[in-house]
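Below is one structure, written out as structure tokens, with a few remarks after it.
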Amino acid sequence: MRQVELLAPVGKFENALAAIENGANAIFVGGKVFNARQFADNFEEDELKKIVDYCKLRGVKTHITVNTLIKDQEIEELMAYLQKLARLKVDAIIVQDLGVAYLIKTYFPEIELHASTQMSAHSIEDVMFLKSCGFKRVVLAREMQLEEIRAIKEAVDIEIETFIHGALCYSYSGQCLFSSQIGGRSGNRGRCAQPCRMGYALLRGEEEIVKSAYLLSPKDLCTLSFLPELIKCGIDSFKMEGRMKSPEYVASVTKVYRKYIDLALKDPKNYKVEQEDMEMLQSIFNRGGFSEGYYFKKAGADMITEKTPKNIGLRIGYVVKYDKKTKMATIHTNKTLNPGDGLEIWNKKKHTGTGISKVYPAGQQFTVRVEDWVDEKSPVYLSKNNTLLKVLKKTYEKAQRKVEVSGQVIGKIGEPVRFTLTYGIYTAEVVGDVLEPAQNAPITQDIAFEKLSKLGNTSFELTELKGQWEDGAYMTISKLNQLRREAVEKLEALICEKDEARIYKPYEKVQNPIWEGPRAHSVQVHTLEQLDMALMYPEVSKIYWEWRYNDTALEEAFNKCQEAKRSFYIVFPAITKEKTLMCIKERIQFWESLSISGYVIRTLGVFELLKDSIKEKVMDYNLNIMNNEAVYHWLECGATRVTTSAELAKEELEQLNGPLETIIYGKLPVMTTEQCVLGNHKLCHKKKPTLEYSLSDRKGAKWPILTDCIACKMQILMYEPLLIEEKYLEDAAIMVYRILFTDEKAEQVKEILSYLIRQEPTGVTGQKASFFKPID
């Protein structure tokens with residue numbers, strides 16, 4: 001029978017017990033550093049060792065998250081940490097940063113590499129590139145549809161992991177700068193402030209057309225109803241989100257999915273989800289109900305929970321009436337309620353809660369004190385199921401999960417007794433005392449085998465014991481027990497054996513070329529109007545043209561640059577699924593025939609397509625390049641120039657070497673998403689990109705929306721443009737300064753270029769971003 005890995009989230013040891021005892025095949029867990037859930041409890045070194053050993057002894061794999069971007073000054077600390085993980089013999093490391101991947105492949109090649117969902121892998125070509133980098137598994141972007149996953153499995157011989165339950169991000173993971181912008185807490189560094197769970201109003205110009213709501217807050221994913229289809233698709237690992245959730249959450253989700261994965265594998269024709277299991281998942285945690293995610297559709301309003309970003313629990317009834325004087329609410333319940341349960345009543349404007357102190361049977365009305373006014377017919381939700389929590393806690397309070405071992409015993413009179421335990425590739429043999437002839441009552445084979453089979457509170461279960469025990473032999477019961485204990489201890493030691501004595505190759509800093517030549521200026525444009533103004537500045541030597549699936553406009557822009565003797569580069573979209581990649585493939589030959597200088601590349605897949613091109617290949621900022629190892633890796637792969645991460649501070653940028661480019665002006669996207677606020681509110685522009693809308697946050701800041709209506713993608717831009725004067729970057733080895741325009745008109749373009757290139761005084765304003773204060 002084909003096996004599918006059930007991968008559970010673990011943020012503390014109790015959660016590991018909950019996952020293991022309820023059937024997880026593997027867990028993913030982070031240490032105190034370098035992981036994308038810095039607000040989870042996470043594990044110190046000794047705790048990591050404990051949890052790795054605990055898992056090994058129960059046949060459970062440990063995947064360690066080193067899935068944040070690493071700054072160059074952190075590399076030495078990272079290497080020490082990786083060495084500790086290597087000595088622990090963890091099963092895999094999950095990585096976001098290609099610089100980290102390079103280090104692991106170079107210094108710790110025995111460690112299995114998994115590409116984090118933060119790498120935004122969303123195409124066959126993305127996955128092909130990651131395989132060429134040494135990855136054994138890719139965690140795909142959550143935005144993948146089932147048919148796209150199937151195509152990847154058929155095209156690339158690599159393990160694929162996808163999310164099956166839990167929170168969804170509004171933005172493509174790894175393509176979000178929103179949290180950095182609102183508070184200096186980087187999602188790429190594991191400190192996301194969850195701006196998608198905040199309220200926003202939708203504006204057209206200055207007009208509010210959708211009142212403030214949770215427009216960016218996705219419902220949680222639940223795939224129970226179509227698990228057999230995911231298995232049939234060939235997905236290797238099913239991942240559950242929730243490293244910051246409670247152990248009861250981990251227990252419930254693991255327990256339910258274990259049940260239905262087993263059912264789908266054993267009897268897919270009779271696969272059916274029971275209502276009580278779905279209600280268990282709803283009771284433990286859900287945001288406004290569940291969604292099927294992107295498996296069968298690109299996006300939609302039904303995937304968003306605009307009323308609340310928080311857990312709502314299970315709907316169990318409604319308010320019949322409320323007595324203002326006594327503050328007593330009469331509630332009809334469809335479910336039996338028990339002492340310790342918590343309720344939340346949803347008024348139109350305000351939600352209010354109350355507790356339950358005794359049993360209320362299903363199908364009846366009861367009265368309970370509620371301090372705040374509640375409207376008649378307001379829905380009532382069970383936000384805390386106390387009985388369920390107690391039941392779930394019992395599932396992991398006592399360690400019961402065991403692995404099957406086989407045994408062999410050789411007992412011949414006059415020779416030492418030999419006892420062997422075997423688990424997988426591990427065999428532990430112990431030699432006991434010489435077996436003596438019995439003087440009175442011999443120890444029969446049945447008695448000897450019975451004593452040796454009692455593995456008790458260990459993590460082993462003896463399923464087969466072979467061998468021989470000579471008739472008329474004698475050994476004390478205590479000696480038999482000692483023999484068994486020694487075999488168990490030896491087998492445990494073999495399974496948990498560390499690599500403490502191994503000497504690893506010492507770390508050597510990569511040697512990237514140091515740029516000491518004159519600095520050039522590139523200007524990135526969306527429109528011919530912007531281009532015409534940029535060409536008026538001879539200081540601008542490079543033009544980056546945003547390709548929008550239209551070669552007519554591209555050719556016109558190219559011809560203008562040819563006439564002005566400026567280098568011309570094509571800038572590709574931040575997300576390039578297969579249809580977009582096919583469109584690019586069809587045009588490569590034409591572009592290569594032109595005298596263009598090169599390409600600005602934003603996805604791994606586009607680089608894979610163009611890796612053999614002789615044109616320049618500029619890696620863009622959204623590939624999150626933060627350290628010299630990442631720069632080196634891209635140069636080794638064939639990149640011409642790399643654009644630094646927009647999250648680097650001035651002093652951090654100064655530590656990088658190589659052919660570097662950095663953006664000194666522009667309204668950078670803070671989110672790139674499959675969702676579209678306009679489409680979700682029936683304002684779709686039908687393939688006519690627009691920049692007339694914005695989102696207004698609780699502080700009144702307006703975040704412009706940029707739509708790509710051909711590929712059906714949306715980006716949320718910075719509320720103020722990034723603006724860095726060159727004088728602040730004099731000590732950084734920057735080869736090219738880039739100025740990026742989106743919706744700026746000709747006069748604005750002129751003003752900005754005059755200010756940044758010629759230092760002419762103007763009224764240009766913007767935010768100085770992380771160049772003055774490092775992000776967390």
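We name chains A, B, ... following the order of the structure tokens; residues begin at 1 in each chain, and ligands are numbered from 1 as shown.
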I'd like the neighbourhood of Asn286 in chain A as a tab-separated table (two decimals) with C-alpha atoms, in the first residue's frame, where a residue qualifies if any of its atoms comes within 10 Å (using only C-alpha atoms), though same-chain residues fewer than 2 positions away should be ignored.
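Output file selection.tsv follows:
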```tsv
chain	number	residue	atom	x	y	z
A	166	GLY	CA	-4.81	25.30	8.90
A	167	ALA	CA	-4.19	28.97	8.30
A	219	LYS	CA	-10.59	31.19	6.16
A	220	ASP	CA	-8.64	28.19	7.37
A	221	LEU	CA	-7.96	25.35	4.95
A	222	CYS	CA	-9.66	21.95	5.38
A	281	LEU	CA	-12.22	20.36	13.77
A	282	GLN	CA	-14.66	23.27	13.76
A	283	SER	CA	-14.86	23.22	17.56
A	284	ILE	CA	-11.12	23.26	18.07
A	288	GLY	CA	-15.43	31.87	9.86
A	289	GLY	CA	-15.70	28.30	8.58
A	290	PHE	CA	-13.35	26.31	6.39
A	291	SER	CA	-12.41	26.57	2.74
A	309	PRO	CA	-10.07	36.98	11.75
A	310	LYS	CA	-10.40	34.95	14.96
A	311	ASN	CA	-11.58	31.50	15.91
A	312	ILE	CA	-15.38	31.30	15.98
A	313	GLY	CA	-15.86	27.67	17.02
A	314	LEU	CA	-18.94	25.60	16.19
A	383	SER	CA	-16.00	28.75	21.25
```
Per-residue DSSP, range 447-639 of chain A, filtered to helix (DSSP H, G or I), as a PyMOL selection string
chain A and resi 447-453+477-495+528-534+551-564+578-593+604-610+621-623+628-637
Show me a table, sorted first by chain and then by increasing residue number, of the residues of range 322-405 of chain A having an atom at most 8 Å from range 10-32 of chain A, each with its shortest atom pair and the distance in Å to one decimal, counting only C-alpha atoms and written as CSV.
```
residue,atom,partner,partner_atom,distance
A:Lys393,CA,A:Ala18,CA,7.9
A:Thr395,CA,A:Glu21,CA,6.7
A:Tyr396,CA,A:Ala18,CA,5.0
A:Glu397,CA,A:Leu17,CA,7.8
A:Ala399,CA,A:Glu21,CA,6.9
A:Gln400,CA,A:Glu21,CA,6.8
A:Arg401,CA,A:Glu21,CA,5.8
```
Find the residues of range 176-244 of chain A that sit at most 10 Å from range 249-271 of chain A; for each, write down the nearest two atoms and how far apart they are in Å, to one decimal. Count only C-alpha atoms. Sort by chain, then by number going up, and give it as CSV.
```
residue,atom,partner,partner_atom,distance
A:Cys222,CA,A:Val253,CA,9.9
A:Thr223,CA,A:Tyr257,CA,9.2
A:Leu224,CA,A:Tyr257,CA,7.2
A:Ser225,CA,A:Tyr271,CA,9.0
A:Phe226,CA,A:Tyr271,CA,9.3
A:Leu227,CA,A:Ile261,CA,6.9
A:Pro228,CA,A:Ala264,CA,5.3
A:Glu229,CA,A:Ala264,CA,9.0
A:Leu230,CA,A:Ala264,CA,9.9
A:Ile231,CA,A:Leu265,CA,7.9
A:Lys232,CA,A:Leu265,CA,9.3
A:Phe238,CA,A:Tyr257,CA,9.4
A:Met240,CA,A:Val253,CA,7.8
A:Glu241,CA,A:Val250,CA,9.1
A:Gly242,CA,A:Val250,CA,7.3
A:Arg243,CA,A:Val250,CA,8.5
A:Met244,CA,A:Val250,CA,9.8
```
Contacts of range 618-622 of chain A at 10 Å (only C-alpha atoms; same-chain gap of 6+ positions) as a ChimeraX atom specification:
/A:174-177,569-572,574,598-604,607,631,634-635,638-647,659-663,668-669
Please provide the set of residues having any atom within 8 Å of Lys505 in chain A, restricted to only C-alpha atoms, with same-chain residues fewer than 2 positions apart removed, written as a list in words.
Tyr107, Ile503 and Tyr507 of chain A
Go ahead and dump the residues you just picked, N, CA, C and O atoms, as a compact mmCIF listing (two decimals), in the first residue's frame.
```txt
# COMPACT_ATOMS: atom_id res chain seq x y z
N TYR A 107 28.64 21.92 3.13
CA TYR A 107 29.28 21.48 4.37
C TYR A 107 28.59 20.30 5.05
O TYR A 107 29.21 19.59 5.83
N ILE A 503 34.32 15.42 12.57
CA ILE A 503 34.97 16.71 12.33
C ILE A 503 34.47 17.24 10.99
O ILE A 503 34.64 16.60 9.95
N TYR A 507 34.33 26.34 8.05
CA TYR A 507 33.63 27.28 7.17
C TYR A 507 34.61 28.30 6.59
O TYR A 507 35.45 28.84 7.28
```
Please report, as number ranges by chain, each residue of range 160-311 of chain A to which DSSP assigns strand (DSSP E) when run on this structure's backbone.
A: 160-166, 200-204, 207-213, 220-222, 237-240, 290-291
Could you check the closest approach to Ile775 in chain A for each of A:Thr117, A:Ser186, A:Thr65, A:Thr742 and tell me which residue wins, using only C-alpha atoms?
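Using only C-alpha atoms, Ile775 in chain A sits closest to A:Ser186.
Between CA of Gly300 in chain A and CA of Arg548 in chain A the separation is 23.3 Å.
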Close residues, range 134-145 of chain A itself excluded, 8 Å, only C-alpha atoms, min 6 positions apart in chain, as a PyMOL selection string:
chain A and resi 105+112-122+127+158-163+168+172-173+293-298+674
Let me see the file: selected residues, C-alpha atoms, as a CSV table (one decimal), in the first residue's frame.
```
chain,number,residue,atom,x,y,z
A,105,LYS,CA,24.9,21.2,0.4
A,112,GLU,CA,18.2,16.1,3.4
A,113,LEU,CA,17.1,19.5,2.0
A,114,HIS,CA,13.4,20.6,1.8
A,115,ALA,CA,12.4,23.8,0.1
A,116,SER,CA,10.1,25.9,2.3
A,117,THR,CA,6.8,27.2,1.0
A,118,GLN,CA,8.5,30.6,1.6
A,119,MET,CA,10.3,29.9,-1.7
A,120,SER,CA,7.0,30.5,-3.5
A,121,ALA,CA,7.5,27.4,-5.8
A,122,HIS,CA,4.5,27.4,-8.1
A,127,VAL,CA,10.6,22.8,-8.9
A,158,ILE,CA,11.1,14.9,-6.5
A,159,GLU,CA,9.0,14.7,-3.3
A,160,ILE,CA,6.1,17.1,-3.1
A,161,GLU,CA,4.6,18.4,0.1
A,162,THR,CA,1.4,20.5,0.4
A,163,PHE,CA,-0.7,22.0,3.2
A,168,LEU,CA,-3.7,30.4,4.8
A,172,TYR,CA,2.2,34.2,-1.6
A,173,SER,CA,4.6,33.2,1.2
A,293,GLY,CA,-8.2,26.6,-0.5
A,294,TYR,CA,-6.9,26.8,-4.0
A,295,TYR,CA,-7.0,23.1,-4.9
A,296,PHE,CA,-10.0,23.5,-7.2
A,297,LYS,CA,-10.2,27.2,-7.9
A,298,LYS,CA,-7.9,30.2,-8.2
A,674,GLU,CA,-4.1,35.2,-6.1
```
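Here CA of Thr106 in chain A and CA of Ser132 in chain A stand 14.0 Å from one another.
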Within 12 Å of range 84-90 of chain A, counting only C-alpha atoms, which residues qualify if same-chain residues fewer than 2 places away don't, as number ranges by chain?
A: 26-31, 44-56, 60-66, 77-82, 92-94, 104-105, 107-113, 495-504
Near range 512-515 of chain A, within 10 Å and counting only C-alpha atoms, which residues show up once chain neighbours fewer than 4 positions away are dropped, as a PDB file with N, CA and C atoms, in the first residue's frame?
```pdb
ATOM      1  N   ARG A 519      29.067  53.809 -10.452  1.00  0.00           N
ATOM      2  CA  ARG A 519      27.705  53.342 -10.233  1.00  0.00           C
ATOM      3  C   ARG A 519      26.825  53.762 -11.407  1.00  0.00           C
ATOM      4  N   ASN A 628      25.963  36.927   1.495  1.00  0.00           N
ATOM      5  CA  ASN A 628      26.949  36.692   0.440  1.00  0.00           C
ATOM      6  C   ASN A 628      26.866  35.287  -0.140  1.00  0.00           C
ATOM      7  N   GLU A 629      26.446  34.309   0.681  1.00  0.00           N
ATOM      8  CA  GLU A 629      26.284  32.948   0.156  1.00  0.00           C
ATOM      9  C   GLU A 629      25.194  32.892  -0.897  1.00  0.00           C
ATOM     10  N   VAL A 631      24.249  35.456  -2.777  1.00  0.00           N
ATOM     11  CA  VAL A 631      24.821  36.136  -3.951  1.00  0.00           C
ATOM     12  C   VAL A 631      25.708  35.168  -4.731  1.00  0.00           C
ATOM     13  N   TYR A 632      26.586  34.481  -4.026  1.00  0.00           N
ATOM     14  CA  TYR A 632      27.513  33.541  -4.645  1.00  0.00           C
ATOM     15  C   TYR A 632      26.763  32.433  -5.375  1.00  0.00           C
ATOM     16  N   HIS A 633      25.734  31.912  -4.738  1.00  0.00           N
ATOM     17  CA  HIS A 633      24.946  30.832  -5.340  1.00  0.00           C
ATOM     18  C   HIS A 633      24.364  31.265  -6.677  1.00  0.00           C
ATOM     19  N   LEU A 635      25.362  33.705  -8.641  1.00  0.00           N
ATOM     20  CA  LEU A 635      26.424  33.916  -9.627  1.00  0.00           C
ATOM     21  C   LEU A 635      26.918  32.585 -10.182  1.00  0.00           C
ATOM     22  N   LEU A 656      27.736  43.106   1.987  1.00  0.00           N
ATOM     23  CA  LEU A 656      27.601  42.278   0.795  1.00  0.00           C
ATOM     24  C   LEU A 656      28.571  42.704  -0.291  1.00  0.00           C
ATOM     25  N   ASN A 657      29.042  41.705  -1.061  1.00  0.00           N
ATOM     26  CA  ASN A 657      29.921  41.945  -2.199  1.00  0.00           C
ATOM     27  C   ASN A 657      29.368  41.250  -3.426  1.00  0.00           C
ATOM     28  N   GLY A 658      29.828  41.702  -4.581  1.00  0.00           N
ATOM     29  CA  GLY A 658      29.381  41.112  -5.829  1.00  0.00           C
ATOM     30  C   GLY A 658      28.774  42.153  -6.738  1.00  0.00           C
ATOM     31  N   PRO A 659      28.327  41.753  -7.905  1.00  0.00           N
ATOM     32  CA  PRO A 659      27.637  42.682  -8.807  1.00  0.00           C
ATOM     33  C   PRO A 659      26.225  42.947  -8.282  1.00  0.00           C
ATOM     34  N   LEU A 660      26.107  43.937  -7.404  1.00  0.00           N
ATOM     35  CA  LEU A 660      24.874  44.188  -6.675  1.00  0.00           C
ATOM     36  C   LEU A 660      24.080  45.342  -7.266  1.00  0.00           C
ATOM     37  N   ALA A 732      28.605  51.062   0.461  1.00  0.00           N
ATOM     38  CA  ALA A 732      28.132  49.761  -0.024  1.00  0.00           C
ATOM     39  C   ALA A 732      28.631  49.528  -1.447  1.00  0.00           C
ATOM     40  N   ALA A 733      28.949  48.277  -1.758  1.00  0.00           N
ATOM     41  CA  ALA A 733      29.506  47.938  -3.079  1.00  0.00           C
ATOM     42  C   ALA A 733      28.382  47.771  -4.096  1.00  0.00           C
ATOM     43  N   ILE A 734      27.675  48.852  -4.349  1.00  0.00           N
ATOM     44  CA  ILE A 734      26.531  48.801  -5.254  1.00  0.00           C
ATOM     45  C   ILE A 734      26.986  49.111  -6.685  1.00  0.00           C
ATOM     46  N   MET A 735      26.580  48.270  -7.610  1.00  0.00           N
ATOM     47  CA  MET A 735      26.921  48.444  -9.019  1.00  0.00           C
ATOM     48  C   MET A 735      25.870  49.288  -9.741  1.00  0.00           C
TER      49      MET A 735
END
```
Residue among A:Glu279, A:Val523, A:Ile124, A:Asp302 lying closest to Gly679 in chain A, counting only C-alpha atoms:
A:Asp302
